[in-house]
Amino acid sequence: MKAVVLAGGKGSRLRPYTALIPKPLMPIGDRTIVEILLRQLARAGVTEVVMCIGHQAALIEAVLGDGSRYGLRITYQREETPLGTVGPLRLVEAALPERFLVMNGDILCDLDFAALHGAGEASGAPLTVAVCERASKIDLGVLDLDPAGRVVGFREKPTFTFWVSMGIYAMSRSVLRFIPEGRPFGFDDLMHALLAAGEPVATLPFRGHWLDIGRSDDFADAQEEFERNRQRYLPE
């Protein structure tokens with residue numbers, strides 16, 4: 001298996017930490033977040049990783065090296081200008097096999113990456129998204145209105161549950177034709193393009209542990225979670 005790790009962002013929501021340290025190198029316990037991810041990928045059977053980097057690219061290259069210490073072969077693709085969350089895939093198109101994994105480089109989770117790769121192959125869809133449920137509580141009274149504006153229902157501080165993207169995907173090369181060259185293109189743009197074209201988008205529902213460390217409170221939660229359940233993420 002081959003994986004593309006997207007690690008080119010500036011991590012603006014984690015400032016001031018990311019003023020000196022790129023987000024993928026933020027420490028979780030005695031590891032960096034991207035090192036945990038790389039070791040998980042190797043354990044799942046991934047042999048090659050392409051790191052798409054931009055902000056503080058030289059530091060990421062110096063720390064991770066050729067990947068041999070993680071049981072992988074790592075190559076790098078620098079973004080001269082930011083290309084969004086899926087735009088960098090066009091830069092590495094020539095290096096991609098028919099099926100591959102793509103993920104953000106700042107995620108702490110215990111997803112079975114081999115199972116995601118298998119789900120992508122089984123679905124036959126150009127894109128398979130790892131999804132998990134997230135609850136969102138509304139701290140207000142919510143009114144249901146009919147077309148005339150009359151109240152027909154009321155819920156006090158309800159909680160709504162949504163399926164959300166985890167920033168981890170299984171893709172086929174056919175998805176690349178929807179990604180333009182040389183300009184920013186995000187996951188949201190890709191979803192709209194695929195749905196507009198009538199292309200199937202599959203999912204792999206996940207009910208394990210997942211945290212995106214993009215915000216300071218999530219970063220603190222990830223620290224605590226990793227220290228409590230280290231074996232879940234990095235089994236000996």
# chains A, B, ... in the order shown; residues from 1 in each chain; ligands from 1

call {"tool": "select_by_dssp", "arguments": {"residues": "region 1-235 of chain A", "states": "helix (DSSP H, G or I)", "output": "PyMOL selection string"}}
result
chain A and resi 12-14+17-19+23-25+33-44+57-64+68-70+87-90+93-95+113-123+173-178+187-196+216-228+230-233

call {"tool": "select_by_dssp", "arguments": {"residues": "region 39-222 of chain A", "states": "strand (DSSP E or B)", "output": "PDB file with N, CA, C and O atoms, in the first residue's frame"}}
result
ATOM      1  N   GLU A  48       5.198   2.693   1.398  1.00  0.00           N
ATOM      2  CA  GLU A  48       5.684   3.963   0.871  1.00  0.00           C
ATOM      3  C   GLU A  48       4.754   5.088   1.268  1.00  0.00           C
ATOM      4  O   GLU A  48       3.530   4.928   1.214  1.00  0.00           O
ATOM      5  N   VAL A  49       5.349   6.213   1.647  1.00  0.00           N
ATOM      6  CA  VAL A  49       4.586   7.398   2.008  1.00  0.00           C
ATOM      7  C   VAL A  49       5.142   8.596   1.249  1.00  0.00           C
ATOM      8  O   VAL A  49       6.362   8.799   1.201  1.00  0.00           O
ATOM      9  N   VAL A  50       4.253   9.363   0.647  1.00  0.00           N
ATOM     10  CA  VAL A  50       4.620  10.641   0.040  1.00  0.00           C
ATOM     11  C   VAL A  50       4.151  11.739   0.983  1.00  0.00           C
ATOM     12  O   VAL A  50       2.957  11.819   1.297  1.00  0.00           O
ATOM     13  N   MET A  51       5.069  12.557   1.451  1.00  0.00           N
ATOM     14  CA  MET A  51       4.732  13.679   2.318  1.00  0.00           C
ATOM     15  C   MET A  51       4.603  14.930   1.463  1.00  0.00           C
ATOM     16  O   MET A  51       5.568  15.364   0.826  1.00  0.00           O
ATOM     17  N   CYS A  52       3.407  15.525   1.426  1.00  0.00           N
ATOM     18  CA  CYS A  52       3.197  16.799   0.741  1.00  0.00           C
ATOM     19  C   CYS A  52       3.384  17.911   1.759  1.00  0.00           C
ATOM     20  O   CYS A  52       2.603  18.025   2.710  1.00  0.00           O
ATOM     21  N   ILE A  53       4.429  18.692   1.582  1.00  0.00           N
ATOM     22  CA  ILE A  53       4.837  19.656   2.603  1.00  0.00           C
ATOM     23  C   ILE A  53       4.973  21.053   1.997  1.00  0.00           C
ATOM     24  O   ILE A  53       5.108  21.211   0.787  1.00  0.00           O
ATOM     25  N   ARG A  73       9.393   3.888   3.343  1.00  0.00           N
ATOM     26  CA  ARG A  73      10.190   4.733   2.456  1.00  0.00           C
ATOM     27  C   ARG A  73       9.415   6.026   2.256  1.00  0.00           C
ATOM     28  O   ARG A  73       8.309   6.002   1.719  1.00  0.00           O
ATOM     29  N   ILE A  74       9.990   7.138   2.692  1.00  0.00           N
ATOM     30  CA  ILE A  74       9.322   8.433   2.594  1.00  0.00           C
ATOM     31  C   ILE A  74       9.959   9.256   1.484  1.00  0.00           C
ATOM     32  O   ILE A  74      11.189   9.386   1.414  1.00  0.00           O
ATOM     33  N   THR A  75       9.125   9.797   0.606  1.00  0.00           N
ATOM     34  CA  THR A  75       9.552  10.799  -0.361  1.00  0.00           C
ATOM     35  C   THR A  75       8.773  12.082  -0.082  1.00  0.00           C
ATOM     36  O   THR A  75       7.741  12.062   0.609  1.00  0.00           O
ATOM     37  N   TYR A  76       9.254  13.196  -0.626  1.00  0.00           N
ATOM     38  CA  TYR A  76       8.668  14.493  -0.298  1.00  0.00           C
ATOM     39  C   TYR A  76       8.285  15.251  -1.566  1.00  0.00           C
ATOM     40  O   TYR A  76       8.976  15.173  -2.586  1.00  0.00           O
ATOM     41  N   GLN A  77       7.188  15.981  -1.464  1.00  0.00           N
ATOM     42  CA  GLN A  77       6.777  16.894  -2.521  1.00  0.00           C
ATOM     43  C   GLN A  77       6.478  18.242  -1.887  1.00  0.00           C
ATOM     44  O   GLN A  77       5.573  18.358  -1.062  1.00  0.00           O
ATOM     45  N   ARG A  78       7.258  19.249  -2.266  1.00  0.00           N
ATOM     46  CA  ARG A  78       7.044  20.578  -1.710  1.00  0.00           C
ATOM     47  C   ARG A  78       6.032  21.348  -2.536  1.00  0.00           C
ATOM     48  O   ARG A  78       6.042  21.311  -3.762  1.00  0.00           O
ATOM     49  N   ARG A  99      -4.745   2.396  -6.485  1.00  0.00           N
ATOM     50  CA  ARG A  99      -5.446   2.636  -5.226  1.00  0.00           C
ATOM     51  C   ARG A  99      -4.456   3.104  -4.181  1.00  0.00           C
ATOM     52  O   ARG A  99      -3.360   2.540  -4.057  1.00  0.00           O
ATOM     53  N   PHE A 100      -4.818   4.101  -3.406  1.00  0.00           N
ATOM     54  CA  PHE A 100      -3.902   4.653  -2.409  1.00  0.00           C
ATOM     55  C   PHE A 100      -4.694   5.321  -1.295  1.00  0.00           C
ATOM     56  O   PHE A 100      -5.887   5.609  -1.438  1.00  0.00           O
ATOM     57  N   LEU A 101      -4.022   5.555  -0.169  1.00  0.00           N
ATOM     58  CA  LEU A 101      -4.615   6.243   0.978  1.00  0.00           C
ATOM     59  C   LEU A 101      -4.149   7.693   0.998  1.00  0.00           C
ATOM     60  O   LEU A 101      -3.027   7.999   0.579  1.00  0.00           O
ATOM     61  N   VAL A 102      -4.994   8.561   1.516  1.00  0.00           N
ATOM     62  CA  VAL A 102      -4.665   9.981   1.683  1.00  0.00           C
ATOM     63  C   VAL A 102      -5.152  10.401   3.058  1.00  0.00           C
ATOM     64  O   VAL A 102      -6.253  10.016   3.467  1.00  0.00           O
ATOM     65  N   MET A 103      -4.333  11.185   3.763  1.00  0.00           N
ATOM     66  CA  MET A 103      -4.754  11.623   5.098  1.00  0.00           C
ATOM     67  C   MET A 103      -4.026  12.885   5.519  1.00  0.00           C
ATOM     68  O   MET A 103      -2.927  13.185   5.037  1.00  0.00           O
ATOM     69  N   ASN A 104      -4.661  13.624   6.408  1.00  0.00           N
ATOM     70  CA  ASN A 104      -4.012  14.771   7.027  1.00  0.00           C
ATOM     71  C   ASN A 104      -2.943  14.284   7.998  1.00  0.00           C
ATOM     72  O   ASN A 104      -3.075  13.220   8.604  1.00  0.00           O
ATOM     73  N   ILE A 107      -3.496  13.923  12.749  1.00  0.00           N
ATOM     74  CA  ILE A 107      -4.625  13.161  13.277  1.00  0.00           C
ATOM     75  C   ILE A 107      -4.137  12.091  14.250  1.00  0.00           C
ATOM     76  O   ILE A 107      -3.159  11.401  13.980  1.00  0.00           O
ATOM     77  N   LEU A 108      -4.818  11.986  15.388  1.00  0.00           N
ATOM     78  CA  LEU A 108      -4.582  10.897  16.330  1.00  0.00           C
ATOM     79  C   LEU A 108      -5.809   9.997  16.313  1.00  0.00           C
ATOM     80  O   LEU A 108      -6.907  10.423  16.685  1.00  0.00           O
ATOM     81  N   CYS A 109      -5.652   8.767  15.853  1.00  0.00           N
ATOM     82  CA  CYS A 109      -6.780   7.840  15.824  1.00  0.00           C
ATOM     83  C   CYS A 109      -6.258   6.411  15.838  1.00  0.00           C
ATOM     84  O   CYS A 109      -5.058   6.167  15.676  1.00  0.00           O
ATOM     85  N   LEU A 127     -13.710   7.506  -4.398  1.00  0.00           N
ATOM     86  CA  LEU A 127     -13.391   8.064  -3.087  1.00  0.00           C
ATOM     87  C   LEU A 127     -14.163   7.315  -2.011  1.00  0.00           C
ATOM     88  O   LEU A 127     -15.374   7.128  -2.122  1.00  0.00           O
ATOM     89  N   THR A 128     -13.443   6.866  -0.979  1.00  0.00           N
ATOM     90  CA  THR A 128     -14.054   6.283   0.216  1.00  0.00           C
ATOM     91  C   THR A 128     -13.579   7.102   1.405  1.00  0.00           C
ATOM     92  O   THR A 128     -12.373   7.256   1.616  1.00  0.00           O
ATOM     93  N   VAL A 129     -14.509   7.623   2.171  1.00  0.00           N
ATOM     94  CA  VAL A 129     -14.202   8.541   3.267  1.00  0.00           C
ATOM     95  C   VAL A 129     -14.372   7.822   4.601  1.00  0.00           C
ATOM     96  O   VAL A 129     -15.429   7.216   4.851  1.00  0.00           O
ATOM     97  N   ALA A 130     -13.356   7.885   5.464  1.00  0.00           N
ATOM     98  CA  ALA A 130     -13.512   7.411   6.835  1.00  0.00           C
ATOM     99  C   ALA A 130     -14.343   8.446   7.586  1.00  0.00           C
ATOM    100  O   ALA A 130     -14.018   9.638   7.594  1.00  0.00           O
ATOM    101  N   VAL A 131     -15.440   7.992   8.210  1.00  0.00           N
ATOM    102  CA  VAL A 131     -16.353   8.919   8.886  1.00  0.00           C
ATOM    103  C   VAL A 131     -16.628   8.444  10.304  1.00  0.00           C
ATOM    104  O   VAL A 131     -16.587   7.250  10.602  1.00  0.00           O
ATOM    105  N   CYS A 132     -16.880   9.394  11.180  1.00  0.00           N
ATOM    106  CA  CYS A 132     -17.284   9.049  12.543  1.00  0.00           C
ATOM    107  C   CYS A 132     -18.390   9.995  12.977  1.00  0.00           C
ATOM    108  O   CYS A 132     -18.604  11.051  12.362  1.00  0.00           O
ATOM    109  N   GLU A 133     -19.106   9.606  14.007  1.00  0.00           N
ATOM    110  CA  GLU A 133     -20.215  10.418  14.500  1.00  0.00           C
ATOM    111  C   GLU A 133     -19.710  11.464  15.486  1.00  0.00           C
ATOM    112  O   GLU A 133     -18.868  11.184  16.334  1.00  0.00           O
ATOM    113  N   ARG A 134     -20.243  12.664  15.358  1.00  0.00           N
ATOM    114  CA  ARG A 134     -19.944  13.733  16.287  1.00  0.00           C
ATOM    115  C   ARG A 134     -21.239  14.393  16.719  1.00  0.00           C
ATOM    116  O   ARG A 134     -22.113  14.675  15.911  1.00  0.00           O
ATOM    117  N   ALA A 135     -21.357  14.641  18.022  1.00  0.00           N
ATOM    118  CA  ALA A 135     -22.549  15.284  18.572  1.00  0.00           C
ATOM    119  C   ALA A 135     -22.294  16.776  18.733  1.00  0.00           C
ATOM    120  O   ALA A 135     -21.201  17.205  19.114  1.00  0.00           O
ATOM    121  N   SER A 136     -23.299  17.570  18.418  1.00  0.00           N
ATOM    122  CA  SER A 136     -23.215  19.022  18.576  1.00  0.00           C
ATOM    123  C   SER A 136     -24.414  19.492  19.389  1.00  0.00           C
ATOM    124  O   SER A 136     -25.567  19.317  18.968  1.00  0.00           O
ATOM    125  N   LYS A 137     -24.138  20.079  20.545  1.00  0.00           N
ATOM    126  CA  LYS A 137     -25.215  20.525  21.440  1.00  0.00           C
ATOM    127  C   LYS A 137     -25.542  21.984  21.171  1.00  0.00           C
ATOM    128  O   LYS A 137     -24.644  22.832  21.087  1.00  0.00           O
ATOM    129  N   GLY A 141     -32.996  27.197  23.174  1.00  0.00           N
ATOM    130  CA  GLY A 141     -34.251  26.545  22.832  1.00  0.00           C
ATOM    131  C   GLY A 141     -34.475  26.620  21.335  1.00  0.00           C
ATOM    132  O   GLY A 141     -34.379  27.701  20.737  1.00  0.00           O
ATOM    133  N   VAL A 142     -34.760  25.490  20.704  1.00  0.00           N
ATOM    134  CA  VAL A 142     -34.938  25.422  19.254  1.00  0.00           C
ATOM    135  C   VAL A 142     -36.415  25.272  18.928  1.00  0.00           C
ATOM    136  O   VAL A 142     -37.096  24.376  19.447  1.00  0.00           O
ATOM    137  N   LEU A 143     -36.916  26.143  18.057  1.00  0.00           N
ATOM    138  CA  LEU A 143     -38.319  26.128  17.660  1.00  0.00           C
ATOM    139  C   LEU A 143     -38.441  25.592  16.234  1.00  0.00           C
ATOM    140  O   LEU A 143     -37.641  25.939  15.364  1.00  0.00           O
ATOM    141  N   ASP A 144     -39.441  24.756  16.004  1.00  0.00           N
ATOM    142  CA  ASP A 144     -39.786  24.297  14.665  1.00  0.00           C
ATOM    143  C   ASP A 144     -40.961  25.120  14.171  1.00  0.00           C
ATOM    144  O   ASP A 144     -41.986  25.231  14.859  1.00  0.00           O
ATOM    145  N   LEU A 145     -40.819  25.719  12.976  1.00  0.00           N
ATOM    146  CA  LEU A 145     -41.849  26.597  12.437  1.00  0.00           C
ATOM    147  C   LEU A 145     -42.459  26.001  11.180  1.00  0.00           C
ATOM    148  O   LEU A 145     -41.766  25.337  10.395  1.00  0.00           O
ATOM    149  N   VAL A 151     -45.237  28.231  15.472  1.00  0.00           N
ATOM    150  CA  VAL A 151     -44.433  27.226  16.162  1.00  0.00           C
ATOM    151  C   VAL A 151     -45.190  25.910  16.184  1.00  0.00           C
ATOM    152  O   VAL A 151     -46.340  25.844  16.657  1.00  0.00           O
ATOM    153  N   VAL A 152     -44.552  24.863  15.671  1.00  0.00           N
ATOM    154  CA  VAL A 152     -45.175  23.536  15.662  1.00  0.00           C
ATOM    155  C   VAL A 152     -44.371  22.532  16.485  1.00  0.00           C
ATOM    156  O   VAL A 152     -44.766  21.376  16.621  1.00  0.00           O
ATOM    157  N   GLY A 153     -43.262  22.976  17.052  1.00  0.00           N
ATOM    158  CA  GLY A 153     -42.462  22.091  17.882  1.00  0.00           C
ATOM    159  C   GLY A 153     -41.424  22.880  18.644  1.00  0.00           C
ATOM    160  O   GLY A 153     -41.049  24.001  18.256  1.00  0.00           O
ATOM    161  N   PHE A 154     -40.967  22.301  19.767  1.00  0.00           N
ATOM    162  CA  PHE A 154     -39.971  22.995  20.592  1.00  0.00           C
ATOM    163  C   PHE A 154     -39.065  21.969  21.255  1.00  0.00           C
ATOM    164  O   PHE A 154     -39.528  20.926  21.730  1.00  0.00           O
ATOM    165  N   ARG A 155     -37.761  22.255  21.237  1.00  0.00           N
ATOM    166  CA  ARG A 155     -36.784  21.399  21.907  1.00  0.00           C
ATOM    167  C   ARG A 155     -35.820  22.278  22.686  1.00  0.00           C
ATOM    168  O   ARG A 155     -35.246  23.219  22.137  1.00  0.00           O
ATOM    169  N   GLU A 156     -35.669  21.979  23.956  1.00  0.00           N
ATOM    170  CA  GLU A 156     -34.781  22.757  24.816  1.00  0.00           C
ATOM    171  C   GLU A 156     -33.363  22.183  24.765  1.00  0.00           C
ATOM    172  O   GLU A 156     -33.137  21.030  25.129  1.00  0.00           O
ATOM    173  N   THR A 159     -29.416  18.068  21.228  1.00  0.00           N
ATOM    174  CA  THR A 159     -28.131  17.592  20.705  1.00  0.00           C
ATOM    175  C   THR A 159     -28.377  16.921  19.367  1.00  0.00           C
ATOM    176  O   THR A 159     -29.264  16.061  19.247  1.00  0.00           O
ATOM    177  N   PHE A 160     -27.615  17.331  18.367  1.00  0.00           N
ATOM    178  CA  PHE A 160     -27.720  16.744  17.042  1.00  0.00           C
ATOM    179  C   PHE A 160     -26.459  15.931  16.762  1.00  0.00           C
ATOM    180  O   PHE A 160     -25.355  16.307  17.158  1.00  0.00           O
ATOM    181  N   THR A 161     -26.633  14.815  16.071  1.00  0.00           N
ATOM    182  CA  THR A 161     -25.514  13.940  15.741  1.00  0.00           C
ATOM    183  C   THR A 161     -25.316  13.928  14.230  1.00  0.00           C
ATOM    184  O   THR A 161     -26.280  13.801  13.464  1.00  0.00           O
ATOM    185  N   PHE A 162     -24.038  14.071  13.815  1.00  0.00           N
ATOM    186  CA  PHE A 162     -23.699  14.113  12.399  1.00  0.00           C
ATOM    187  C   PHE A 162     -22.582  13.120  12.101  1.00  0.00           C
ATOM    188  O   PHE A 162     -21.743  12.825  12.962  1.00  0.00           O
ATOM    189  N   TRP A 163     -22.571  12.618  10.870  1.00  0.00           N
ATOM    190  CA  TRP A 163     -21.412  11.884  10.377  1.00  0.00           C
ATOM    191  C   TRP A 163     -20.441  12.893   9.782  1.00  0.00           C
ATOM    192  O   TRP A 163     -20.817  13.688   8.916  1.00  0.00           O
ATOM    193  N   VAL A 164     -19.203  12.884  10.243  1.00  0.00           N
ATOM    194  CA  VAL A 164     -18.213  13.862   9.780  1.00  0.00           C
ATOM    195  C   VAL A 164     -17.014  13.148   9.159  1.00  0.00           C
ATOM    196  O   VAL A 164     -16.689  12.006   9.510  1.00  0.00           O
ATOM    197  N   SER A 165     -16.364  13.849   8.237  1.00  0.00           N
ATOM    198  CA  SER A 165     -15.150  13.319   7.627  1.00  0.00           C
ATOM    199  C   SER A 165     -14.004  13.380   8.629  1.00  0.00           C
ATOM    200  O   SER A 165     -13.821  14.377   9.333  1.00  0.00           O
ATOM    201  N   MET A 166     -13.207  12.327   8.680  1.00  0.00           N
ATOM    202  CA  MET A 166     -12.069  12.262   9.591  1.00  0.00           C
ATOM    203  C   MET A 166     -10.777  12.795   8.957  1.00  0.00           C
ATOM    204  O   MET A 166      -9.732  12.805   9.591  1.00  0.00           O
ATOM    205  N   GLY A 167     -10.848  13.211   7.694  1.00  0.00           N
ATOM    206  CA  GLY A 167      -9.634  13.660   7.017  1.00  0.00           C
ATOM    207  C   GLY A 167      -8.751  12.499   6.599  1.00  0.00           C
ATOM    208  O   GLY A 167      -7.540  12.660   6.439  1.00  0.00           O
ATOM    209  N   ILE A 168      -9.360  11.322   6.397  1.00  0.00           N
ATOM    210  CA  ILE A 168      -8.643  10.105   5.999  1.00  0.00           C
ATOM    211  C   ILE A 168      -9.456   9.454   4.886  1.00  0.00           C
ATOM    212  O   ILE A 168     -10.662   9.218   5.050  1.00  0.00           O
ATOM    213  N   TYR A 169      -8.800   9.142   3.764  1.00  0.00           N
ATOM    214  CA  TYR A 169      -9.527   8.688   2.587  1.00  0.00           C
ATOM    215  C   TYR A 169      -8.792   7.545   1.890  1.00  0.00           C
ATOM    216  O   TYR A 169      -7.574   7.458   1.936  1.00  0.00           O
ATOM    217  N   ALA A 170      -9.575   6.694   1.219  1.00  0.00           N
ATOM    218  CA  ALA A 170      -9.045   5.755   0.239  1.00  0.00           C
ATOM    219  C   ALA A 170      -9.490   6.258  -1.129  1.00  0.00           C
ATOM    220  O   ALA A 170     -10.675   6.563  -1.321  1.00  0.00           O
ATOM    221  N   MET A 171      -8.554   6.358  -2.061  1.00  0.00           N
ATOM    222  CA  MET A 171      -8.859   6.930  -3.369  1.00  0.00           C
ATOM    223  C   MET A 171      -8.358   6.026  -4.483  1.00  0.00           C
ATOM    224  O   MET A 171      -7.457   5.205  -4.287  1.00  0.00           O
ATOM    225  N   SER A 172      -8.957   6.221  -5.655  1.00  0.00           N
ATOM    226  CA  SER A 172      -8.426   5.615  -6.872  1.00  0.00           C
ATOM    227  C   SER A 172      -7.918   6.732  -7.773  1.00  0.00           C
ATOM    228  O   SER A 172      -8.283   7.907  -7.606  1.00  0.00           O
ATOM    229  N   VAL A 201     -19.636   8.032  -3.891  1.00  0.00           N
ATOM    230  CA  VAL A 201     -18.702   8.310  -2.795  1.00  0.00           C
ATOM    231  C   VAL A 201     -19.058   7.349  -1.667  1.00  0.00           C
ATOM    232  O   VAL A 201     -20.163   7.418  -1.110  1.00  0.00           O
ATOM    233  N   ALA A 202     -18.146   6.456  -1.329  1.00  0.00           N
ATOM    234  CA  ALA A 202     -18.385   5.457  -0.289  1.00  0.00           C
ATOM    235  C   ALA A 202     -17.848   5.950   1.052  1.00  0.00           C
ATOM    236  O   ALA A 202     -17.091   6.928   1.115  1.00  0.00           O
ATOM    237  N   THR A 203     -18.238   5.277   2.121  1.00  0.00           N
ATOM    238  CA  THR A 203     -17.743   5.626   3.450  1.00  0.00           C
ATOM    239  C   THR A 203     -17.342   4.362   4.204  1.00  0.00           C
ATOM    240  O   THR A 203     -17.812   3.268   3.918  1.00  0.00           O
ATOM    241  N   LEU A 204     -16.471   4.562   5.179  1.00  0.00           N
ATOM    242  CA  LEU A 204     -16.153   3.522   6.157  1.00  0.00           C
ATOM    243  C   LEU A 204     -16.498   4.091   7.530  1.00  0.00           C
ATOM    244  O   LEU A 204     -15.739   4.899   8.074  1.00  0.00           O
ATOM    245  N   PRO A 205     -17.656   3.735   8.093  1.00  0.00           N
ATOM    246  CA  PRO A 205     -18.010   4.235   9.433  1.00  0.00           C
ATOM    247  C   PRO A 205     -17.021   3.720  10.479  1.00  0.00           C
ATOM    248  O   PRO A 205     -16.657   2.545  10.477  1.00  0.00           O
ATOM    249  N   TRP A 210     -10.777   9.165  17.678  1.00  0.00           N
ATOM    250  CA  TRP A 210     -10.257  10.064  16.634  1.00  0.00           C
ATOM    251  C   TRP A 210     -10.217  11.490  17.160  1.00  0.00           C
ATOM    252  O   TRP A 210     -11.190  11.977  17.729  1.00  0.00           O
ATOM    253  N   LEU A 211      -9.063  12.129  16.985  1.00  0.00           N
ATOM    254  CA  LEU A 211      -8.893  13.535  17.343  1.00  0.00           C
ATOM    255  C   LEU A 211      -8.071  14.224  16.269  1.00  0.00           C
ATOM    256  O   LEU A 211      -7.046  13.702  15.820  1.00  0.00           O
ATOM    257  N   ASP A 212      -8.528  15.396  15.852  1.00  0.00           N
ATOM    258  CA  ASP A 212      -7.778  16.275  14.955  1.00  0.00           C
ATOM    259  C   ASP A 212      -7.151  17.354  15.841  1.00  0.00           C
ATOM    260  O   ASP A 212      -7.869  18.060  16.549  1.00  0.00           O
TER     261      ASP A 212
END

call {"tool": "closest_residue", "arguments": {"among": "A:Leu64, A:Lys2, A:Arg150, A:Ala44", "to": "Thr32 (chain A)", "atoms": "only C-alpha atoms"}}
result
A:Leu64

call {"tool": "atom_distance", "arguments": {"atom1": "CA of Asp30 (chain A)", "atom2": "CA of His209 (chain A)"}}
result
19.5 Å

call {"tool": "residues_around", "arguments": {"residues": "Val175 (chain A)", "least_positions_apart": "4", "cutoff": "10 Å", "atoms": "only C-alpha atoms", "output": "PDB file with C-alpha atoms, in the first residue's frame"}}
result
ATOM      1  CA  LEU A  89      -2.333  15.183  -5.256  1.00  0.00           C
ATOM      2  CA  ALA A 125     -15.802   4.149  -5.800  1.00  0.00           C
ATOM      3  CA  PRO A 126     -13.211   6.798  -6.675  1.00  0.00           C
ATOM      4  CA  LEU A 127     -13.391   8.064  -3.087  1.00  0.00           C
ATOM      5  CA  MET A 171      -8.859   6.930  -3.369  1.00  0.00           C
ATOM      6  CA  ILE A 179      -8.701  17.947  -9.269  1.00  0.00           C
ATOM      7  CA  LEU A 190     -13.758  17.517  -4.492  1.00  0.00           C
ATOM      8  CA  ALA A 193     -17.363  17.913  -8.001  1.00  0.00           C
ATOM      9  CA  LEU A 194     -17.921  14.174  -7.483  1.00  0.00           C
ATOM     10  CA  GLU A 199     -19.878   9.668  -9.042  1.00  0.00           C
TER      11      GLU A 199
END

call {"tool": "residues_around", "arguments": {"residues": "Gly208 (chain A)", "least_positions_apart": "2", "cutoff": "7 Å", "atoms": "only C-alpha atoms", "output": "list of chain:residue names"}}
result
A:Asp110, A:Leu111, A:Phe206, A:Trp210

call {"tool": "closest_residue", "arguments": {"among": "A:Arg207, A:Asp139, A:Val34, A:Pro97", "to": "Gly67 (chain A)", "atoms": "only C-alpha atoms"}}
result
A:Val34

call {"tool": "residues_around", "arguments": {"residues": "Ile33 (chain A)", "least_positions_apart": "4", "cutoff": "7 Å", "atoms": "only C-alpha atoms", "output": "list in words"}}
result
Pro24, Leu25, Met26, Pro27, Ile28, Leu37, Asp106 and Leu108 of chain A

call {"tool": "write_last_selection", "arguments": {"atoms": "N, CA and C atoms", "output": "CSV table (one decimal), in the first residue's frame"}}
result
chain,number,residue,atom,x,y,z
A,24,PRO,N,2.7,19.0,12.0
A,24,PRO,CA,2.9,17.6,12.0
A,24,PRO,C,4.0,17.2,13.1
A,25,LEU,N,4.8,18.1,13.5
A,25,LEU,CA,5.9,17.8,14.4
A,25,LEU,C,5.5,18.2,15.9
A,26,MET,N,4.3,18.6,16.1
A,26,MET,CA,3.8,18.9,17.4
A,26,MET,C,3.9,17.6,18.3
A,27,PRO,N,4.4,17.7,19.5
A,27,PRO,CA,4.6,16.5,20.3
A,27,PRO,C,3.4,16.0,21.0
A,28,ILE,N,3.2,14.7,20.9
A,28,ILE,CA,2.2,14.0,21.6
A,28,ILE,C,2.9,12.9,22.5
A,37,LEU,N,1.5,8.5,13.4
A,37,LEU,CA,0.8,8.2,12.2
A,37,LEU,C,1.6,7.3,11.3
A,106,ASP,N,-2.1,15.5,10.9
A,106,ASP,CA,-2.2,15.9,12.3
A,106,ASP,C,-3.4,15.2,13.0
A,108,LEU,N,-4.8,12.0,15.4
A,108,LEU,CA,-4.6,10.9,16.3
A,108,LEU,C,-5.8,10.0,16.3

call {"tool": "closest_residue", "arguments": {"among": "A:Leu176, A:His117, A:Gly29, A:Glu236", "to": "Gln223 (chain A)", "atoms": "only C-alpha atoms"}}
result
A:Gly29

call {"tool": "closest_residue", "arguments": {"among": "A:Pro82, A:Gly45, A:Pro180, A:Gly65", "to": "Gly8 (chain A)", "atoms": "only C-alpha atoms"}}
result
A:Pro82
